[in-house]
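The structure file data_8.cif is reproduced below (mmCIF, C-alpha atoms and all ligand atoms).
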```cif
data_data
loop_
_atom_site.label_atom_id
_atom_site.label_comp_id
_atom_site.auth_asym_id
_atom_site.auth_seq_id
_atom_site.Cartn_x
_atom_site.Cartn_y
_atom_site.Cartn_z
CA MET A 1 -13.22 25.51 21.79
CA ILE A 2 -9.80 24.85 20.27
CA ILE A 3 -7.25 27.36 19.06
CA MET A 4 -3.72 27.07 17.70
CA THR A 5 -0.89 28.47 19.81
CA LYS A 6 2.89 28.44 19.56
CA LYS A 7 2.84 25.22 21.57
CA GLY A 8 0.19 23.61 19.37
CA LEU A 9 -3.53 22.93 19.83
CA TYR A 10 -5.00 24.48 22.97
CA CYS A 11 -8.43 24.16 24.55
CA GLU A 12 -9.09 27.48 26.19
CA PRO A 13 -12.09 26.62 28.37
CA GLY A 14 -10.47 23.34 29.48
CA HIS A 15 -7.01 24.89 29.95
CA PHE A 16 -5.17 21.98 28.34
CA HIS A 17 -2.98 21.43 25.29
CA ILE A 18 -3.06 18.51 22.88
CA ASP A 19 0.43 17.12 22.09
CA PRO A 20 2.13 20.40 23.12
CA SER A 21 5.51 21.16 21.59
CA GLY A 22 6.79 22.47 24.94
CA ALA A 23 6.13 22.32 28.68
CA VAL A 24 2.54 23.17 29.76
CA ASP A 25 0.27 22.63 32.78
CA HIS A 26 -1.97 19.99 31.23
CA ALA A 27 -0.85 17.91 28.23
CA VAL A 28 -3.36 15.55 26.63
CA VAL A 29 -1.13 13.23 24.59
CA THR A 30 -2.35 11.25 21.59
CA HIS A 31 0.64 8.87 21.45
CA ALA A 32 4.29 8.46 22.44
CA HIS A 33 6.08 9.48 19.20
CA SER A 34 8.58 12.24 19.90
CA ASP A 35 6.79 14.86 17.79
CA HIS A 36 3.68 14.42 19.98
CA ALA A 37 5.01 13.56 23.45
CA ARG A 38 7.49 15.98 24.94
CA CYS A 39 9.09 16.40 28.35
CA GLY A 40 8.47 19.06 30.96
CA SER A 41 4.69 19.27 31.40
CA GLN A 42 3.13 19.24 34.89
CA ASN A 43 0.35 16.77 34.11
CA TYR A 44 -0.06 14.25 31.31
CA TYR A 45 -3.21 12.44 30.19
CA SER A 46 -2.74 9.27 28.15
CA THR A 47 -4.62 6.14 27.13
CA VAL A 48 -4.02 3.17 29.43
CA SER A 49 -2.29 1.14 26.69
CA GLY A 50 -0.18 4.11 25.60
CA LEU A 51 0.97 4.93 29.11
CA PRO A 52 3.90 2.45 29.43
CA LEU A 53 5.29 3.68 26.09
CA LEU A 54 4.98 7.29 27.25
CA LYS A 55 6.98 6.43 30.36
CA VAL A 56 9.71 4.76 28.29
CA ARG A 57 9.96 7.95 26.26
CA LEU A 58 9.51 10.64 28.94
CA GLY A 59 10.73 8.87 32.08
CA LYS A 60 9.08 6.92 34.87
CA LYS A 61 8.58 10.00 37.04
CA ILE A 62 6.15 11.97 34.89
CA ASN A 63 2.82 12.79 36.48
CA VAL A 64 0.45 10.90 34.18
CA ARG A 65 -3.10 9.68 34.36
CA GLY A 66 -4.12 6.71 32.18
CA ILE A 67 -7.69 6.73 30.90
CA PRO A 68 -9.26 3.73 29.09
CA PHE A 69 -10.56 4.22 25.56
CA GLY A 70 -14.10 5.59 25.49
CA GLU A 71 -14.16 6.65 29.15
CA LYS A 72 -14.99 10.31 29.84
CA PHE A 73 -12.86 12.53 32.03
CA ASN A 74 -13.31 16.22 32.69
CA LEU A 75 -10.87 19.10 32.68
CA ASN A 76 -12.34 22.43 33.80
CA GLY A 77 -15.77 21.64 32.44
CA VAL A 78 -14.70 20.08 29.12
CA ASP A 79 -15.60 16.40 28.69
CA ILE A 80 -12.73 14.50 27.08
CA SER A 81 -12.44 10.93 25.84
CA PHE A 82 -9.88 8.92 23.89
CA HIS A 83 -10.81 6.83 20.83
CA PRO A 84 -8.49 4.46 18.94
CA ALA A 85 -6.49 6.01 16.08
CA GLY A 86 -4.94 2.74 14.77
CA HIS A 87 -1.51 4.37 14.47
CA ILE A 88 0.57 2.62 17.16
CA LEU A 89 -0.33 0.82 20.40
CA GLY A 90 -2.44 3.13 22.57
CA SER A 91 -2.65 5.92 19.97
CA ALA A 92 -5.78 8.02 20.33
CA GLN A 93 -8.05 10.58 18.78
CA VAL A 94 -9.19 13.13 21.34
CA ARG A 95 -12.92 13.87 21.55
CA MET A 96 -13.86 17.07 23.38
CA GLU A 97 -17.34 18.23 24.28
CA TRP A 98 -18.20 21.64 25.71
CA ARG A 99 -21.53 23.45 25.77
CA GLY A 100 -23.08 21.02 23.30
CA GLU A 101 -20.33 21.23 20.67
CA VAL A 102 -18.03 18.30 19.84
CA TRP A 103 -14.53 18.58 18.45
CA VAL A 104 -12.22 15.69 17.57
CA ALA A 105 -8.46 16.01 17.11
CA SER A 106 -7.31 12.94 15.22
CA GLY A 107 -3.60 12.81 16.10
CA ASP A 108 -1.79 10.45 13.71
CA TYR A 109 -4.03 7.67 12.41
CA LYS A 110 -4.35 4.85 9.91
CA ARG A 111 -7.12 2.54 8.72
CA GLU A 112 -5.01 -0.42 7.50
CA PRO A 113 -5.14 -3.57 9.63
CA ASP A 114 -2.33 -3.78 12.19
CA PRO A 115 -2.09 -6.70 14.64
CA THR A 116 -0.16 -4.55 17.13
CA CYS A 117 -2.68 -1.79 17.90
CA GLU A 118 -6.33 -1.03 18.50
CA PRO A 119 -8.22 -0.45 15.20
CA PHE A 120 -9.28 3.10 14.24
CA GLU A 121 -12.77 4.09 15.32
CA SER A 122 -14.83 6.75 13.54
CA VAL A 123 -16.09 9.40 15.94
CA THR A 124 -18.97 11.71 15.01
CA CYS A 125 -18.26 15.39 15.66
CA ASP A 126 -19.04 18.97 14.66
CA VAL A 127 -15.44 19.93 13.97
CA PHE A 128 -12.67 17.50 12.97
CA ILE A 129 -8.96 18.33 13.11
CA THR A 130 -7.26 15.76 10.88
CA GLU A 131 -3.64 14.92 10.21
CA ALA A 132 -2.57 14.72 6.57
CA THR A 133 0.97 13.36 6.46
CA PHE A 134 0.20 11.74 3.09
CA GLY A 135 -2.36 14.31 1.99
CA THR A 136 -1.96 14.13 -1.78
CA PRO A 137 -3.87 11.81 -4.13
CA SER A 138 -0.67 10.08 -5.27
CA TYR A 139 -0.26 8.32 -1.92
CA VAL A 140 -2.59 5.33 -2.01
CA TRP A 141 -1.74 2.09 -0.21
CA GLU A 142 -2.43 -1.22 -1.91
CA ARG A 143 -5.26 -3.06 -0.13
CA ASP A 144 -4.89 -6.58 1.24
CA GLN A 145 -1.17 -6.83 0.68
CA ASN A 146 0.42 -9.41 2.96
CA LEU A 147 3.39 -7.47 4.30
CA GLY A 148 4.45 -10.30 6.61
CA GLN A 149 4.69 -12.69 3.67
CA GLN A 150 6.54 -10.12 1.55
CA ILE A 151 9.14 -9.41 4.19
CA TYR A 152 9.52 -13.10 5.05
CA ASP A 153 10.02 -14.04 1.38
CA TRP A 154 12.73 -11.38 0.99
CA TRP A 155 14.47 -12.56 4.16
CA SER A 156 14.24 -16.26 3.10
CA ALA A 157 15.62 -15.64 -0.40
CA ASN A 158 18.54 -13.69 1.06
CA ALA A 159 19.15 -16.32 3.75
CA GLN A 160 19.46 -19.06 1.13
CA ARG A 161 22.37 -17.14 -0.35
CA GLY A 162 23.91 -16.48 3.07
CA VAL A 163 23.03 -12.80 2.77
CA ASN A 164 21.81 -10.75 5.75
CA SER A 165 18.61 -8.69 5.41
CA VAL A 166 18.65 -5.25 7.02
CA LEU A 167 15.20 -3.74 7.42
CA PHE A 168 15.04 -0.10 8.52
CA ALA A 169 12.05 0.85 10.66
CA TYR A 170 11.36 3.38 13.41
CA SER A 171 11.93 1.90 16.86
CA LEU A 172 8.44 2.72 18.14
CA GLY A 173 5.42 1.47 16.27
CA LYS A 174 6.88 0.43 12.94
CA ALA A 175 9.39 -2.03 14.41
CA GLN A 176 6.67 -3.73 16.47
CA ARG A 177 4.30 -3.81 13.51
CA VAL A 178 6.97 -5.56 11.44
CA LEU A 179 7.41 -8.08 14.27
CA GLY A 180 3.62 -8.46 14.48
CA VAL A 181 3.10 -9.22 10.79
CA LEU A 182 6.11 -11.57 10.77
CA GLN A 183 4.86 -13.48 13.83
CA PRO A 184 2.93 -16.12 11.80
CA PHE A 185 5.97 -16.76 9.57
CA ALA A 186 9.16 -16.34 11.53
CA GLN A 187 10.72 -19.56 12.81
CA ARG A 188 13.99 -17.86 13.70
CA ALA A 189 14.61 -14.91 15.97
CA ILE A 190 14.94 -11.46 14.41
CA TYR A 191 17.84 -9.30 15.56
CA CYS A 192 16.61 -6.01 16.98
CA HIS A 193 18.43 -2.85 17.89
CA ALA A 194 18.73 -2.14 21.62
CA ALA A 195 16.53 0.94 21.11
CA ALA A 196 13.52 -1.29 20.46
CA ARG A 197 13.95 -3.74 23.34
CA GLU A 198 12.07 -1.90 26.07
CA LEU A 199 9.36 -0.87 23.62
CA ASN A 200 8.94 -4.48 22.43
CA GLU A 201 8.53 -5.50 26.07
CA CYS A 202 5.73 -2.94 26.54
CA TYR A 203 3.87 -4.51 23.62
CA LEU A 204 4.42 -8.09 24.85
CA ALA A 205 3.33 -7.14 28.38
CA GLN A 206 -0.03 -6.06 26.93
CA GLY A 207 -0.56 -9.36 25.16
CA ILE A 208 0.47 -8.32 21.65
CA SER A 209 2.01 -11.25 19.71
CA LEU A 210 5.41 -10.46 18.21
CA ALA A 211 7.88 -12.65 16.34
CA PRO A 212 10.77 -13.86 18.52
CA THR A 213 13.64 -11.40 18.84
CA LEU A 214 17.25 -11.22 19.98
CA CYS A 215 18.97 -8.02 20.96
CA LEU A 216 21.99 -7.07 18.84
CA SER A 217 23.78 -5.92 21.98
CA THR A 218 23.94 -9.54 23.22
CA LEU A 219 26.22 -10.63 20.34
CA ALA A 220 29.84 -11.44 21.20
CA PRO A 221 32.42 -8.90 20.01
CA GLY A 222 33.57 -9.70 16.47
CA ALA A 223 30.54 -11.89 15.72
CA VAL A 224 29.43 -11.94 12.07
CA LEU A 225 25.89 -12.95 11.08
CA ARG A 226 24.80 -14.93 8.00
CA GLY A 227 21.32 -15.00 6.52
CA GLU A 228 19.69 -13.22 9.45
CA LEU A 229 17.04 -10.48 9.53
CA LEU A 230 17.99 -7.31 11.37
CA LEU A 231 15.38 -4.74 12.34
CA VAL A 232 17.19 -1.49 13.01
CA PRO A 233 16.96 2.30 12.77
CA GLN A 234 18.60 3.93 9.75
CA ALA A 235 21.63 5.16 11.69
CA PHE A 236 22.67 1.55 12.31
CA LEU A 237 24.63 1.19 9.06
CA LYS A 238 26.96 3.99 10.10
CA SER A 239 27.52 2.58 13.60
CA GLU A 240 30.34 0.29 14.72
CA GLN A 241 27.79 -2.46 15.31
CA ALA A 242 27.27 -2.71 11.54
CA SER A 243 30.37 -4.92 11.39
CA VAL A 244 28.09 -7.88 12.32
CA LEU A 245 26.76 -7.72 8.76
CA GLY A 246 30.03 -8.85 7.17
CA GLU A 247 30.28 -8.31 3.41
CA LYS A 248 26.94 -9.67 2.32
CA PHE A 249 23.73 -7.84 3.10
CA GLU A 250 20.70 -6.23 1.48
CA THR A 251 18.75 -3.25 2.80
CA ALA A 252 15.06 -2.36 2.77
CA PHE A 253 12.93 0.42 4.19
CA ALA A 254 9.40 -0.07 5.52
CA SER A 255 7.56 3.22 4.99
CA GLY A 256 4.69 4.93 3.24
CA TRP A 257 7.30 7.03 1.49
CA MET A 258 8.24 3.94 -0.56
CA ALA A 259 4.94 4.23 -2.46
CA LYS A 260 6.10 7.05 -4.68
CA ALA A 261 9.25 7.37 -6.75
CA SER A 262 9.47 11.12 -6.23
CA SER A 263 9.40 10.88 -2.43
CA PRO A 264 12.49 12.03 -0.53
CA TYR A 265 13.35 8.48 0.57
CA TYR A 266 12.59 6.43 -2.53
CA ASN A 267 15.96 6.77 -4.20
CA SER A 268 18.10 6.45 -1.11
CA GLY A 269 19.82 3.31 -2.32
CA TYR A 270 17.69 0.63 -0.66
CA ASP A 271 17.58 -2.80 -2.32
CA ARG A 272 13.89 -3.14 -1.42
CA GLY A 273 11.03 -0.96 -0.28
CA PHE A 274 8.01 -2.20 1.62
CA VAL A 275 5.05 0.17 1.46
CA MET A 276 4.10 0.07 5.11
CA SER A 277 2.67 3.27 6.51
CA ASP A 278 1.39 4.11 9.96
CA HIS A 279 -0.61 6.97 8.47
CA ALA A 280 -3.81 7.07 6.45
CA ASP A 281 -3.42 7.28 2.68
CA TRP A 282 -5.33 9.82 0.60
CA ASN A 283 -8.48 7.69 0.32
CA ASP A 284 -8.59 6.96 4.03
CA LEU A 285 -8.06 10.64 4.94
CA VAL A 286 -11.07 11.61 2.83
CA ARG A 287 -13.11 8.64 4.09
CA SER A 288 -12.32 9.46 7.72
CA VAL A 289 -13.36 13.09 7.31
CA ARG A 290 -16.65 11.98 5.74
CA GLU A 291 -17.30 9.37 8.43
CA SER A 292 -16.82 12.00 11.14
CA HIS A 293 -19.83 13.86 9.68
CA ALA A 294 -18.03 17.09 10.63
CA GLN A 295 -19.16 20.20 8.79
CA ARG A 296 -15.94 22.04 9.58
CA VAL A 297 -12.50 20.47 9.13
CA TYR A 298 -9.00 21.69 9.92
CA VAL A 299 -6.08 19.95 8.21
CA GLN A 300 -2.68 19.55 9.84
CA HIS A 301 0.77 18.86 8.34
CA ARG A 302 2.27 19.58 4.97
CA GLY A 303 -0.47 17.81 3.04
CA HIS A 304 -3.09 20.43 3.74
CA GLY A 305 -3.21 22.13 0.33
CA ALA A 306 -4.64 19.35 -1.80
CA LEU A 307 -6.83 17.92 0.94
CA VAL A 308 -8.35 21.28 1.87
CA ARG A 309 -9.19 21.93 -1.80
CA HIS A 310 -10.68 18.46 -2.24
CA LEU A 311 -12.83 18.70 0.90
CA ARG A 312 -14.14 22.08 -0.25
CA GLU A 313 -15.14 20.49 -3.55
CA LEU A 314 -17.10 17.98 -1.50
CA GLY A 315 -18.99 20.88 0.08
CA LEU A 316 -17.24 20.93 3.46
CA ARG A 317 -15.87 23.96 5.23
CA ALA A 318 -12.19 22.98 5.22
CA PHE A 319 -9.20 25.04 6.35
CA PRO A 320 -5.50 24.63 7.09
CA ASP A 321 -4.89 24.37 10.83
CA SER A 322 -3.06 27.71 10.76
CA ASP A 323 -6.55 29.23 10.54
CA LEU A 324 -6.98 28.15 14.17
CA PHE A 325 -4.54 30.86 15.29
CA PRO A 326 -6.73 33.50 16.98
CA LYS A 327 -7.08 36.81 15.15
CA TYR A 328 -6.84 38.82 18.35
CA PRO A 329 -4.48 36.94 20.68
CA ASP A 330 -4.63 39.84 23.19
CA GLN A 331 -8.18 38.91 24.02
CA LEU A 332 -7.22 35.44 25.20
CA ALA A 333 -7.18 34.41 28.84
CA LEU A 334 -10.75 35.56 29.27
CA PHE A 335 -11.59 32.20 30.80
ZN ZN B 1 3.05 9.25 15.25
ZN ZN B 2 3.11 12.67 13.99
#
```

Would you mind writing the file's structure down as structure tokens?
Amino acid sequence: MIIMTKKGLYCEPGHFHIDPSGAVDHAVVTHAHSDHARCGSQNYYSTVSGLPLLKVRLGKKINVRGIPFGEKFNLNGVDISFHPAGHILGSAQVRMEWRGEVWVASGDYKREPDPTCEPFESVTCDVFITEATFGTPSYVWERDQNLGQQIYDWWSANAQRGVNSVLFAYSLGKAQRVLGVLQPFAQRAIYCHAAARELNECYLAQGISLAPTLCLSTLAPGAVLRGELLLVPQAFLKSEQASVLGEKFETAFASGWMAKASSPYYNSGYDRGFVMSDHADWNDLVRSVRESHAQRVYVQHRGHGALVRHLRELGLRAFPDSDLFPKYPDQLALF
């Protein structure tokens, strides 16, 4: 039902791509991150809650249909439905059914609690295509850590010394999750980068509770902050706007990469690291594959080596997603 092409996963009978890397006729999009949602396609299919984010990213004029989670729609005879992936607001796994066989493409997913998105839902299938961003056994997230408390304590301790706290987080998903976990704690507004403003508004408009924010672009020229929390992308420190920090500030990075000292980001000079990932850790990757009851599994991303080997030890037929490239591409377009 699904093959790999130069533009990514493609459903031949349904004539649609999943998260295509270039322009196509029909793009079924799992979520609005830039490595999954790209410009130029004729028709987009998104979850209802992911749709406003997709429009912020790809423009208001895209031709997009929003489909609620769990509701079936049909493209050229293939039944499709979206199921929550727990990654960011509106992020979906794609379930596809054709001639009695069910495939699920996971997109990016996580199983940790997140007050800013729909929780992951296990979907039974014959074939599961799973992501594996953190697909080695050394990436395991601590359970039940209170990230809101941790970040708030760091901010408060710095504030008492008049030191600003600069927390780096991606503008879509991670920034809102930080604001979500801080919501029960924060009494003061958090300064956000202009890049996050419209995205924050999409979350608020859908009833997600976020800590109060102020946009950095509203500060008067020459203003210098003291003891504030700034939630910004990494490029901020090198921008002119960084002058608002004055002399005294600490930095931290909120990422799954902070879980391991040998990761590419761990030794980048941050004062603090918060292990906050929007992807499943090793245990949750394995658990999700098992809960899908799939007998055949394809693994995406760089983590495929260790995960493919481990799943084979568990008796599953597991392969890297490159095995989905057809052996005889000339014979395509039969449908
Ligand atoms: Zn993503
Ligand atoms: Zn991704």

Counting all atoms listed in the file, name the residues that have an atom within 7 Å of an atom of ligand ZN 1 (chain B); the answer should be given as a PyMOL selection string. chain A and resi 31+33+87+108

For ligand ZN 2 (chain B), collect every residue having any atom at a distance of at most 9 Å from a ligand atom (counting all atoms listed in the file); output as a list in words. His31, His33, Ser34, Asp35, His36, Gly107, Asp108, Tyr109, Glu131, Thr133, His279 and His301 of chain A

Between A:Ser49, A:Gly77, A:Val224, A:Gln160, which one has atoms that come closest to Ile208 of chain A, using only C-alpha atoms?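 Smallest distance to Ile208 of chain A is found for A:Ser49.
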
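Near His15 of chain A, within 8 Å and counting all atoms listed in the file, sit A:Tyr10, A:Cys11, A:Glu12, A:Pro13, A:His17, A:His26, A:Leu75, A:Asn76, not including residues fewer than 2 positions from it in the same chain.
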
With only C-alpha atoms as the counted atoms, please give the residues lying no more than 10 Å from Asn158 of chain A, apart from itself and same-chain residues fewer than 6 positions off, as a PyMOL selection string. chain A and resi 152+164-165+226-229+248-250

Choose the residue, out of A:Gln241, A:Ser81, A:Gln234, A:Gln150, that has the smallest atom-to-atom separation from Ser217 of chain A; count all atoms listed in the file.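 Residue with the minimum atom-to-atom distance to Ser217 of chain A: A:Gln241.
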
Counting all atoms listed in the file, figure out which residue out of A:Ser322, A:Gln187, A:Asn74, A:Thr47 gets nearest to Thr213 of chain A. A:Gln187

Residues within 12 Å of Pro113 of chain A, all atoms listed in the file, excluding chain neighbours under 2 positions, as a ChimeraX atom specification: /A:85-88,109-111,115-120,141,143-147,177,180-181,276-280

Take the point (-18.8, 22.8, 21.3) as written in the file and pick out every residue within 10 Å of it, counting all atoms listed in the file; give the list as a PyMOL selection string. chain A and resi 1-2+78+96-103+125-127

With the cut-off set at 8 Å and counting only C-alpha atoms, tabulate each residue of segment 190-296 of chain A with an atom at most that distance from an atom of segment 182-185 of chain A, showing the nearest atom pair and its distance in Å to one decimal, ordered by chain and increasing number, as JSON lines.
```
{"residue": "A:Ser209", "atom": "CA", "partner": "A:Gln183", "partner_atom": "CA", "distance": 6.9}
{"residue": "A:Leu210", "atom": "CA", "partner": "A:Gln183", "partner_atom": "CA", "distance": 5.3}
{"residue": "A:Ala211", "atom": "CA", "partner": "A:Gln183", "partner_atom": "CA", "distance": 4.0}
{"residue": "A:Pro212", "atom": "CA", "partner": "A:Gln183", "partner_atom": "CA", "distance": 7.6}
```

Neighbouring residues of Phe274 of chain A were defined as those with any atom within 10 Å, considering all atoms listed in the file; residues of the same chain fewer than 5 positions away were excluded. Please report them as a VMD selection string. chain A and resid 147 150 to 151 167 252 to 259

Selected residue, from A:Leu172, A:Ala242, A:Val286, A:Ile18, that lies nearest to Glu198 of chain A when counting only C-alpha atoms: A:Leu172

Give me the residues within 10 Å of Phe168 of chain A as a ChimeraX atom specification, counting all atoms listed in the file and dropping any in the same chain fewer than 4 places off. /A:174-175,230-237,251-255,270,273

Residue among A:Ala105, A:Ile80, A:Val140, A:Ala23 lying closest to Val289 of chain A, counting all atoms listed in the file: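 Closest residue, counting all atoms listed in the file: A:Ala105.
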
Pick from A:Ile3, A:Cys202, A:Val244, A:Ala194: nearest to Val166 of chain A, with all atoms listed in the file counted? A:Val244

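Atom CA of Gly90 of chain A is positioned 18.1 Å from atom CA of Asn43 of chain A.
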
The distance between atom CA of Gln176 of chain A and atom CA of Tyr191 of chain A is 12.5 Å
